[in-house]
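Asks: Below you'll find model37.cif; it's mmCIF, N, CA and C atoms.
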data_final
loop_
_atom_site.label_atom_id
_atom_site.label_comp_id
_atom_site.auth_asym_id
_atom_site.auth_seq_id
_atom_site.Cartn_x
_atom_site.Cartn_y
_atom_site.Cartn_z
N GLU K 1 13.52 138.06 105.57
CA GLU K 1 12.66 139.16 105.11
C GLU K 1 11.33 139.14 105.84
N TYR K 2 10.75 137.94 106.04
CA TYR K 2 9.48 137.81 106.77
C TYR K 2 9.65 138.36 108.19
N ASN K 3 10.74 137.94 108.84
CA ASN K 3 10.99 138.37 110.22
C ASN K 3 11.15 139.89 110.31
N ALA K 4 11.86 140.45 109.34
CA ALA K 4 12.08 141.90 109.33
C ALA K 4 10.75 142.64 109.19
N LYS K 5 9.90 142.16 108.30
CA LYS K 5 8.58 142.78 108.09
C LYS K 5 7.72 142.61 109.35
N TYR K 6 7.85 141.47 110.01
CA TYR K 6 7.11 141.23 111.25
C TYR K 6 7.53 142.24 112.32
N ILE K 7 8.83 142.39 112.49
CA ILE K 7 9.35 143.32 113.50
C ILE K 7 8.90 144.75 113.19
N LYS K 8 8.92 145.10 111.93
CA LYS K 8 8.49 146.44 111.51
C LYS K 8 6.99 146.64 111.80
N SER K 9 6.19 145.62 111.51
CA SER K 9 4.75 145.71 111.76
C SER K 9 4.46 145.81 113.25
N LEU K 10 5.23 145.08 114.04
CA LEU K 10 5.08 145.13 115.50
C LEU K 10 5.47 146.51 116.03
N ALA K 11 6.52 147.09 115.45
CA ALA K 11 6.93 148.44 115.84
C ALA K 11 5.82 149.44 115.51
N HIS K 12 5.20 149.29 114.34
CA HIS K 12 4.07 150.16 113.98
C HIS K 12 2.96 150.03 115.03
N TYR K 13 2.68 148.80 115.45
CA TYR K 13 1.66 148.58 116.48
C TYR K 13 2.04 149.33 117.76
N GLN K 14 3.28 149.14 118.20
CA GLN K 14 3.74 149.75 119.46
C GLN K 14 3.74 151.28 119.38
N ASN K 15 3.83 151.81 118.18
CA ASN K 15 3.81 153.26 117.99
C ASN K 15 2.41 153.79 117.65
N GLY K 16 1.42 152.92 117.71
CA GLY K 16 0.04 153.36 117.46
C GLY K 16 -0.26 153.64 116.00
N LYS K 17 0.56 153.13 115.11
CA LYS K 17 0.31 153.30 113.66
C LYS K 17 -0.51 152.09 113.21
N TRP K 18 -1.81 152.13 113.55
CA TRP K 18 -2.68 150.96 113.40
C TRP K 18 -2.78 150.48 111.96
N ASP K 19 -2.98 151.40 111.01
CA ASP K 19 -3.16 151.00 109.61
C ASP K 19 -1.90 150.32 109.06
N LEU K 20 -0.75 150.91 109.35
CA LEU K 20 0.51 150.32 108.87
C LEU K 20 0.74 148.95 109.50
N SER K 21 0.42 148.84 110.78
CA SER K 21 0.57 147.57 111.48
C SER K 21 -0.35 146.50 110.88
N LEU K 22 -1.62 146.86 110.70
CA LEU K 22 -2.59 145.93 110.11
C LEU K 22 -2.16 145.48 108.73
N ASP K 23 -1.78 146.44 107.90
CA ASP K 23 -1.37 146.12 106.53
C ASP K 23 -0.20 145.14 106.53
N GLY K 24 0.77 145.38 107.41
CA GLY K 24 1.95 144.53 107.48
C GLY K 24 1.60 143.12 107.91
N PHE K 25 0.82 142.99 108.98
CA PHE K 25 0.47 141.66 109.48
C PHE K 25 -0.41 140.90 108.49
N LYS K 26 -1.36 141.58 107.87
CA LYS K 26 -2.21 140.91 106.88
C LYS K 26 -1.40 140.45 105.67
N PHE K 27 -0.47 141.29 105.24
CA PHE K 27 0.41 140.96 104.12
C PHE K 27 1.20 139.70 104.43
N LEU K 28 1.77 139.62 105.64
CA LEU K 28 2.60 138.47 106.01
C LEU K 28 1.79 137.17 106.02
N ILE K 29 0.58 137.22 106.52
CA ILE K 29 -0.27 136.02 106.53
C ILE K 29 -0.59 135.60 105.09
N GLN K 30 -0.85 136.59 104.26
CA GLN K 30 -1.17 136.31 102.86
C GLN K 30 0.03 135.69 102.14
N VAL K 31 1.21 136.19 102.42
CA VAL K 31 2.44 135.70 101.78
C VAL K 31 2.74 134.27 102.18
N ASP K 32 2.63 133.97 103.50
CA ASP K 32 2.95 132.63 103.98
C ASP K 32 2.20 132.36 105.29
N GLU K 33 1.04 131.74 105.16
CA GLU K 33 0.22 131.47 106.35
C GLU K 33 0.76 130.32 107.19
N ASN K 34 1.79 129.63 106.68
CA ASN K 34 2.40 128.53 107.42
C ASN K 34 3.71 128.92 108.10
N HIS K 35 4.09 130.17 107.96
CA HIS K 35 5.32 130.65 108.60
C HIS K 35 5.16 130.58 110.12
N ASP K 36 6.28 130.39 110.81
CA ASP K 36 6.26 130.29 112.28
C ASP K 36 5.63 131.50 112.95
N LEU K 37 5.71 132.64 112.30
CA LEU K 37 5.18 133.87 112.90
C LEU K 37 3.77 134.23 112.41
N ALA K 38 3.19 133.43 111.54
CA ALA K 38 1.88 133.77 110.98
C ALA K 38 0.81 133.85 112.08
N ASP K 39 0.86 132.92 113.04
CA ASP K 39 -0.12 132.95 114.13
C ASP K 39 0.06 134.20 114.98
N ASN K 40 1.31 134.63 115.16
CA ASN K 40 1.56 135.87 115.90
C ASN K 40 0.98 137.06 115.14
N CYS K 41 1.14 137.05 113.83
CA CYS K 41 0.56 138.11 113.00
C CYS K 41 -0.95 138.17 113.22
N GLN K 42 -1.59 137.02 113.21
CA GLN K 42 -3.03 136.97 113.41
C GLN K 42 -3.40 137.51 114.79
N TYR K 43 -2.64 137.13 115.79
CA TYR K 43 -2.88 137.63 117.15
C TYR K 43 -2.79 139.15 117.19
N TRP K 44 -1.77 139.71 116.56
CA TRP K 44 -1.59 141.16 116.60
C TRP K 44 -2.66 141.90 115.82
N ILE K 45 -3.22 141.27 114.81
CA ILE K 45 -4.36 141.87 114.11
C ILE K 45 -5.51 142.05 115.11
N GLY K 46 -5.73 141.01 115.93
CA GLY K 46 -6.75 141.12 116.98
C GLY K 46 -6.44 142.25 117.95
N GLU K 47 -5.17 142.39 118.30
CA GLU K 47 -4.76 143.45 119.23
C GLU K 47 -4.97 144.84 118.63
N VAL K 48 -4.74 144.98 117.32
CA VAL K 48 -4.96 146.29 116.68
C VAL K 48 -6.44 146.67 116.80
N TYR K 49 -7.33 145.75 116.47
CA TYR K 49 -8.76 146.06 116.57
C TYR K 49 -9.18 146.30 118.03
N TYR K 50 -8.53 145.60 118.96
CA TYR K 50 -8.77 145.84 120.38
C TYR K 50 -8.37 147.26 120.74
N ALA K 51 -7.20 147.68 120.28
CA ALA K 51 -6.71 149.04 120.56
C ALA K 51 -7.65 150.09 119.97
N LEU K 52 -8.27 149.75 118.85
CA LEU K 52 -9.22 150.66 118.21
C LEU K 52 -10.61 150.58 118.86
N LYS K 53 -10.73 149.75 119.87
CA LYS K 53 -11.98 149.52 120.61
C LYS K 53 -13.08 148.93 119.72
N ASP K 54 -12.68 148.24 118.65
CA ASP K 54 -13.62 147.50 117.81
C ASP K 54 -13.62 146.06 118.33
N PHE K 55 -14.29 145.88 119.47
CA PHE K 55 -14.21 144.61 120.19
C PHE K 55 -14.85 143.45 119.43
N ASN K 56 -15.92 143.71 118.69
CA ASN K 56 -16.54 142.63 117.91
C ASN K 56 -15.59 142.12 116.83
N ARG K 57 -14.93 143.01 116.15
CA ARG K 57 -13.96 142.62 115.12
C ARG K 57 -12.76 141.93 115.78
N SER K 58 -12.36 142.46 116.93
CA SER K 58 -11.25 141.88 117.67
C SER K 58 -11.55 140.42 118.03
N ILE K 59 -12.77 140.15 118.47
CA ILE K 59 -13.18 138.78 118.80
C ILE K 59 -13.00 137.87 117.59
N LYS K 60 -13.48 138.32 116.44
CA LYS K 60 -13.36 137.52 115.21
C LYS K 60 -11.89 137.22 114.89
N GLU K 61 -11.05 138.23 115.06
CA GLU K 61 -9.63 138.06 114.72
C GLU K 61 -8.92 137.16 115.73
N PHE K 62 -9.23 137.32 117.03
CA PHE K 62 -8.61 136.45 118.03
C PHE K 62 -9.04 135.01 117.84
N GLU K 63 -10.29 134.78 117.42
CA GLU K 63 -10.76 133.40 117.19
C GLU K 63 -9.97 132.72 116.07
N LYS K 64 -9.50 133.49 115.11
CA LYS K 64 -8.74 132.93 113.99
C LYS K 64 -7.38 132.38 114.43
N VAL K 65 -6.86 132.87 115.57
CA VAL K 65 -5.56 132.41 116.05
C VAL K 65 -5.57 130.89 116.25
N PHE K 66 -6.72 130.35 116.68
CA PHE K 66 -6.82 128.92 116.96
C PHE K 66 -6.77 128.05 115.71
N THR K 67 -6.89 128.65 114.54
CA THR K 67 -6.85 127.89 113.29
C THR K 67 -5.42 127.58 112.85
N PHE K 68 -4.44 128.20 113.51
CA PHE K 68 -3.04 127.96 113.15
C PHE K 68 -2.52 126.77 113.95
N PRO K 69 -2.08 125.71 113.26
CA PRO K 69 -1.60 124.52 113.97
C PRO K 69 -0.38 124.85 114.84
N GLY K 70 -0.40 124.37 116.07
CA GLY K 70 0.73 124.53 116.96
C GLY K 70 1.01 125.96 117.40
N THR K 71 -0.01 126.81 117.37
CA THR K 71 0.21 128.21 117.74
C THR K 71 0.67 128.35 119.19
N ASN K 72 1.55 129.31 119.40
CA ASN K 72 1.99 129.61 120.77
C ASN K 72 1.22 130.82 121.32
N LYS K 73 0.20 131.24 120.60
CA LYS K 73 -0.57 132.42 121.00
C LYS K 73 -1.98 132.08 121.45
N SER K 74 -2.27 130.78 121.62
CA SER K 74 -3.66 130.40 121.93
C SER K 74 -4.12 130.88 123.29
N ASP K 75 -3.26 130.79 124.31
CA ASP K 75 -3.71 131.26 125.63
C ASP K 75 -3.85 132.77 125.65
N ASP K 76 -2.97 133.47 124.93
CA ASP K 76 -3.09 134.92 124.82
C ASP K 76 -4.42 135.29 124.19
N ALA K 77 -4.74 134.62 123.07
CA ALA K 77 -5.99 134.90 122.36
C ALA K 77 -7.19 134.54 123.25
N GLN K 78 -7.08 133.42 123.96
CA GLN K 78 -8.16 132.98 124.84
C GLN K 78 -8.46 134.04 125.90
N PHE K 79 -7.42 134.57 126.50
CA PHE K 79 -7.59 135.60 127.53
C PHE K 79 -8.20 136.86 126.95
N LYS K 80 -7.69 137.29 125.79
CA LYS K 80 -8.20 138.52 125.18
C LYS K 80 -9.66 138.38 124.74
N LEU K 81 -10.06 137.17 124.35
CA LEU K 81 -11.47 136.95 124.03
C LEU K 81 -12.33 137.28 125.24
N GLY K 82 -11.92 136.79 126.41
CA GLY K 82 -12.65 137.10 127.63
C GLY K 82 -12.73 138.59 127.88
N ILE K 83 -11.61 139.28 127.72
CA ILE K 83 -11.56 140.73 127.94
C ILE K 83 -12.47 141.46 126.94
N CYS K 84 -12.45 141.03 125.69
CA CYS K 84 -13.32 141.65 124.68
C CYS K 84 -14.79 141.52 125.08
N TYR K 85 -15.18 140.32 125.51
CA TYR K 85 -16.57 140.11 125.91
C TYR K 85 -16.93 140.96 127.12
N VAL K 86 -16.01 141.14 128.06
CA VAL K 86 -16.25 142.05 129.19
C VAL K 86 -16.54 143.46 128.66
N ASN K 87 -15.73 143.89 127.70
CA ASN K 87 -15.85 145.25 127.16
C ASN K 87 -17.17 145.50 126.44
N ILE K 88 -17.77 144.45 125.87
CA ILE K 88 -19.06 144.66 125.18
C ILE K 88 -20.23 144.22 126.06
N GLY K 89 -19.92 143.91 127.33
CA GLY K 89 -20.98 143.61 128.28
C GLY K 89 -21.58 142.22 128.17
N GLN K 90 -20.92 141.32 127.45
CA GLN K 90 -21.41 139.94 127.33
C GLN K 90 -20.68 139.08 128.38
N ILE K 91 -21.12 139.24 129.63
CA ILE K 91 -20.42 138.64 130.76
C ILE K 91 -20.46 137.11 130.73
N ASP K 92 -21.59 136.53 130.32
CA ASP K 92 -21.65 135.06 130.24
C ASP K 92 -20.61 134.51 129.27
N ASN K 93 -20.48 135.17 128.12
CA ASN K 93 -19.47 134.75 127.15
C ASN K 93 -18.07 134.95 127.70
N ALA K 94 -17.86 136.06 128.40
CA ALA K 94 -16.56 136.35 128.99
C ALA K 94 -16.20 135.25 129.99
N LYS K 95 -17.15 134.89 130.85
CA LYS K 95 -16.90 133.86 131.86
C LYS K 95 -16.54 132.53 131.20
N GLN K 96 -17.21 132.22 130.10
CA GLN K 96 -16.91 130.98 129.38
C GLN K 96 -15.49 130.99 128.84
N GLU K 97 -15.08 132.13 128.29
CA GLU K 97 -13.71 132.23 127.74
C GLU K 97 -12.67 132.10 128.85
N PHE K 98 -12.91 132.74 130.00
CA PHE K 98 -11.96 132.62 131.11
C PHE K 98 -11.93 131.19 131.65
N ALA K 99 -13.11 130.55 131.71
CA ALA K 99 -13.18 129.15 132.16
C ALA K 99 -12.42 128.25 131.19
N ASN K 100 -12.55 128.52 129.89
CA ASN K 100 -11.81 127.75 128.88
C ASN K 100 -10.31 127.88 129.09
N LEU K 101 -9.87 129.10 129.42
CA LEU K 101 -8.44 129.29 129.65
C LEU K 101 -7.99 128.43 130.83
N LEU K 102 -8.75 128.43 131.91
CA LEU K 102 -8.38 127.64 133.08
C LEU K 102 -8.33 126.15 132.75
N GLU K 103 -9.26 125.71 131.90
CA GLU K 103 -9.34 124.29 131.56
C GLU K 103 -8.23 123.86 130.60
N PHE K 104 -8.02 124.65 129.56
CA PHE K 104 -7.12 124.23 128.48
C PHE K 104 -5.68 124.71 128.63
N TYR K 105 -5.47 125.75 129.46
CA TYR K 105 -4.12 126.32 129.58
C TYR K 105 -3.75 126.51 131.06
N PRO K 106 -3.64 125.40 131.80
CA PRO K 106 -3.37 125.51 133.24
C PRO K 106 -2.01 126.14 133.56
N ASN K 107 -1.11 126.15 132.61
CA ASN K 107 0.22 126.73 132.85
C ASN K 107 0.34 128.15 132.27
N SER K 108 -0.78 128.73 131.85
CA SER K 108 -0.74 130.05 131.21
C SER K 108 -0.37 131.15 132.19
N GLU K 109 0.33 132.14 131.66
CA GLU K 109 0.64 133.33 132.46
C GLU K 109 -0.64 134.09 132.81
N TYR K 110 -1.74 133.80 132.12
CA TYR K 110 -3.02 134.49 132.35
C TYR K 110 -3.94 133.72 133.28
N TYR K 111 -3.46 132.61 133.81
CA TYR K 111 -4.31 131.74 134.64
C TYR K 111 -4.88 132.48 135.84
N LYS K 112 -4.02 133.13 136.59
CA LYS K 112 -4.45 133.82 137.80
C LYS K 112 -5.41 134.97 137.47
N ARG K 113 -5.09 135.72 136.43
CA ARG K 113 -5.96 136.84 136.04
C ARG K 113 -7.33 136.33 135.59
N SER K 114 -7.35 135.19 134.92
CA SER K 114 -8.63 134.61 134.50
C SER K 114 -9.44 134.20 135.72
N GLN K 115 -8.77 133.61 136.70
CA GLN K 115 -9.47 133.25 137.95
C GLN K 115 -10.07 134.49 138.61
N GLU K 116 -9.30 135.58 138.62
CA GLU K 116 -9.77 136.82 139.23
C GLU K 116 -11.00 137.36 138.51
N TYR K 117 -10.99 137.31 137.18
CA TYR K 117 -12.16 137.76 136.42
C TYR K 117 -13.38 136.89 136.73
N LEU K 118 -13.16 135.59 136.82
CA LEU K 118 -14.27 134.68 137.13
C LEU K 118 -14.86 134.97 138.52
N GLN K 119 -14.01 135.27 139.48
CA GLN K 119 -14.48 135.59 140.83
C GLN K 119 -15.24 136.93 140.85
N LYS K 120 -14.77 137.84 140.01
CA LYS K 120 -15.36 139.20 139.95
C LYS K 120 -16.79 139.14 139.39
N TYR K 121 -17.02 138.26 138.43
CA TYR K 121 -18.33 138.19 137.78
C TYR K 121 -19.07 136.95 138.23
#
Could you render the structure as structure tokens?
Replies:
Amino acid sequence: EYNAKYIKSLAHYQNGKWDLSLDGFKFLIQVDENHDLADNCQYWIGEVYYALKDFNRSIKEFEKVFTFPGTNKSDDAQFKLGICYVNIGQIDNAKQEFANLLEFYPNSEYYKRSQEYLQKY
């Protein structure tokens, strides 16, 4: 049931139904914050606020991803933090987030893109 609700919430996200997506992901975390997909739910909450261009809220939500033990979304959240800071013009913070990704996630799919952002700024 958790997985089905997760898939449905993700579909809402992909279809731009932000409120339904948010409600679903928040509900799932509330129901079981230790579920294997709870960290993914938290990550997608950050993505919803990013899509809404609420970058400050998005930053807060992406930071919460790191509170989930053993999350597989930490490098994704790390990269998006950098992007959020770029979007609000806080370049020093953005550079720190990209540098953190290079340091802590050397095997990340976002490694090269983080290097490119660091070179750009």
Asks: Which residue, K:Glu63, K:Lys73, K:Asp19, K:Tyr121, has the smallest gap to Lys95 (chain K) when you use only N, CA and C atoms?
Replies: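 For Lys95 (chain K), the nearest of the given residues is K:Tyr121.
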Asks: May I ask for the distance between CA of Gly46 (chain K) and atom C of Ile91 (chain K), given in Å to one decimal place?
Replies: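 Answer for the CA of Gly46 (chain K) to atom C of Ile91 (chain K) separation: 19.8 Å.
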Asks: List as a list in words the protein and nucleic acid residues near region 53-61 of chain K, meaning an atom at most 7 Å away when all atoms listed in the file are counted, but skip any in the same chain fewer than 2 places from it.
Replies: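 Result of the neighbour search: Gln42, Tyr43, Ile45, Gly46, Glu47, Val48, Tyr49, Tyr50, Ala51, Glu63, Lys64, Val65, Lys80, Leu81, Cys84, Tyr85, Asn87 and Ile88 of chain K.
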Asks: What is the atom N of Lys8 (chain K) to atom N of Asn40 (chain K) distance in Å?
Replies: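 Computed distance, atom N of Lys8 (chain K) to atom N of Asn40 (chain K), equals 13.3 Å.
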Asks: Please provide the set of residues having any atom within 12 Å of region 3-6 of chain K, restricted to only C-alpha atoms, with same-chain residues fewer than 5 positions apart removed, written as a list in words.
Replies: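 These residues fall inside the cut-off: Ala11, His12, Tyr13, Leu20, Ser21, Leu22, Asp23, Gly24, Phe25, Lys26, Phe27, Leu28, Ile29, Val31, Asp32, His35, Asp36, Leu37, Ala38, Asp39, Asn40, Cys41, Gln42, Trp44 and Ile45 of chain K.
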Asks: When you draw a straight line from atom C of Asn72 (chain K) to atom C of Gly89 (chain K), how long is it in Å?
Replies: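 Interatomic distance here is 26.4 Å.
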Asks: Translate the PyMOL selection byres ((chain K and resi 96-108) around 8) into a concrete residue list for this structure, as a compact mmCIF listing (two decimals) with N, CA and C atoms, in the frame of the given file.
Replies:
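In the end it all went to expr-v4.txt:
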# COMPACT_ATOMS: atom_id res chain seq x y z
N SER K 74 -2.27 130.78 121.62
CA SER K 74 -3.66 130.40 121.93
C SER K 74 -4.12 130.88 123.29
N ASP K 75 -3.26 130.79 124.31
CA ASP K 75 -3.71 131.26 125.63
C ASP K 75 -3.85 132.77 125.65
N ASP K 76 -2.97 133.47 124.93
CA ASP K 76 -3.09 134.92 124.82
C ASP K 76 -4.42 135.29 124.19
N GLN K 78 -7.08 133.42 123.96
CA GLN K 78 -8.16 132.98 124.84
C GLN K 78 -8.46 134.04 125.90
N PHE K 79 -7.42 134.57 126.50
CA PHE K 79 -7.59 135.60 127.53
C PHE K 79 -8.20 136.86 126.95
N LYS K 80 -7.69 137.29 125.79
CA LYS K 80 -8.20 138.52 125.18
C LYS K 80 -9.66 138.38 124.74
N LEU K 81 -10.06 137.17 124.35
CA LEU K 81 -11.47 136.95 124.03
C LEU K 81 -12.33 137.28 125.24
N GLY K 82 -11.92 136.79 126.41
CA GLY K 82 -12.65 137.10 127.63
C GLY K 82 -12.73 138.59 127.88
N ILE K 83 -11.61 139.28 127.72
CA ILE K 83 -11.56 140.73 127.94
C ILE K 83 -12.47 141.46 126.94
N GLN K 90 -20.92 141.32 127.45
CA GLN K 90 -21.41 139.94 127.33
C GLN K 90 -20.68 139.08 128.38
N ILE K 91 -21.12 139.24 129.63
CA ILE K 91 -20.42 138.64 130.76
C ILE K 91 -20.46 137.11 130.73
N ASP K 92 -21.59 136.53 130.32
CA ASP K 92 -21.65 135.06 130.24
C ASP K 92 -20.61 134.51 129.27
N ASN K 93 -20.48 135.17 128.12
CA ASN K 93 -19.47 134.75 127.15
C ASN K 93 -18.07 134.95 127.70
N ALA K 94 -17.86 136.06 128.40
CA ALA K 94 -16.56 136.35 128.99
C ALA K 94 -16.20 135.25 129.99
N LYS K 95 -17.15 134.89 130.85
CA LYS K 95 -16.90 133.86 131.86
C LYS K 95 -16.54 132.53 131.20
N GLU K 109 0.33 132.14 131.66
CA GLU K 109 0.64 133.33 132.46
C GLU K 109 -0.64 134.09 132.81
N TYR K 110 -1.74 133.80 132.12
CA TYR K 110 -3.02 134.49 132.35
C TYR K 110 -3.94 133.72 133.28
N TYR K 111 -3.46 132.61 133.81
CA TYR K 111 -4.31 131.74 134.64
C TYR K 111 -4.88 132.48 135.84
N LYS K 112 -4.02 133.13 136.59
CA LYS K 112 -4.45 133.82 137.80
C LYS K 112 -5.41 134.97 137.47
N ARG K 113 -5.09 135.72 136.43
CA ARG K 113 -5.96 136.84 136.04
C ARG K 113 -7.33 136.33 135.59
N SER K 114 -7.35 135.19 134.92
CA SER K 114 -8.63 134.61 134.50
C SER K 114 -9.44 134.20 135.72
N GLN K 115 -8.77 133.61 136.70
CA GLN K 115 -9.47 133.25 137.95
C GLN K 115 -10.07 134.49 138.61
N TYR K 117 -10.99 137.31 137.18
CA TYR K 117 -12.16 137.76 136.42
C TYR K 117 -13.38 136.89 136.73
N LEU K 118 -13.16 135.59 136.82
CA LEU K 118 -14.27 134.68 137.13
C LEU K 118 -14.86 134.97 138.52
Asks: Any chance you could list, as a VMD selection string, the residues in chain K that come up helix (DSSP H, G or I) when DSSP is run on the backbone?
Replies: chain K and resid 2 to 14 18 to 31 38 to 51 55 to 67 74 to 87 91 to 104 111 to 120
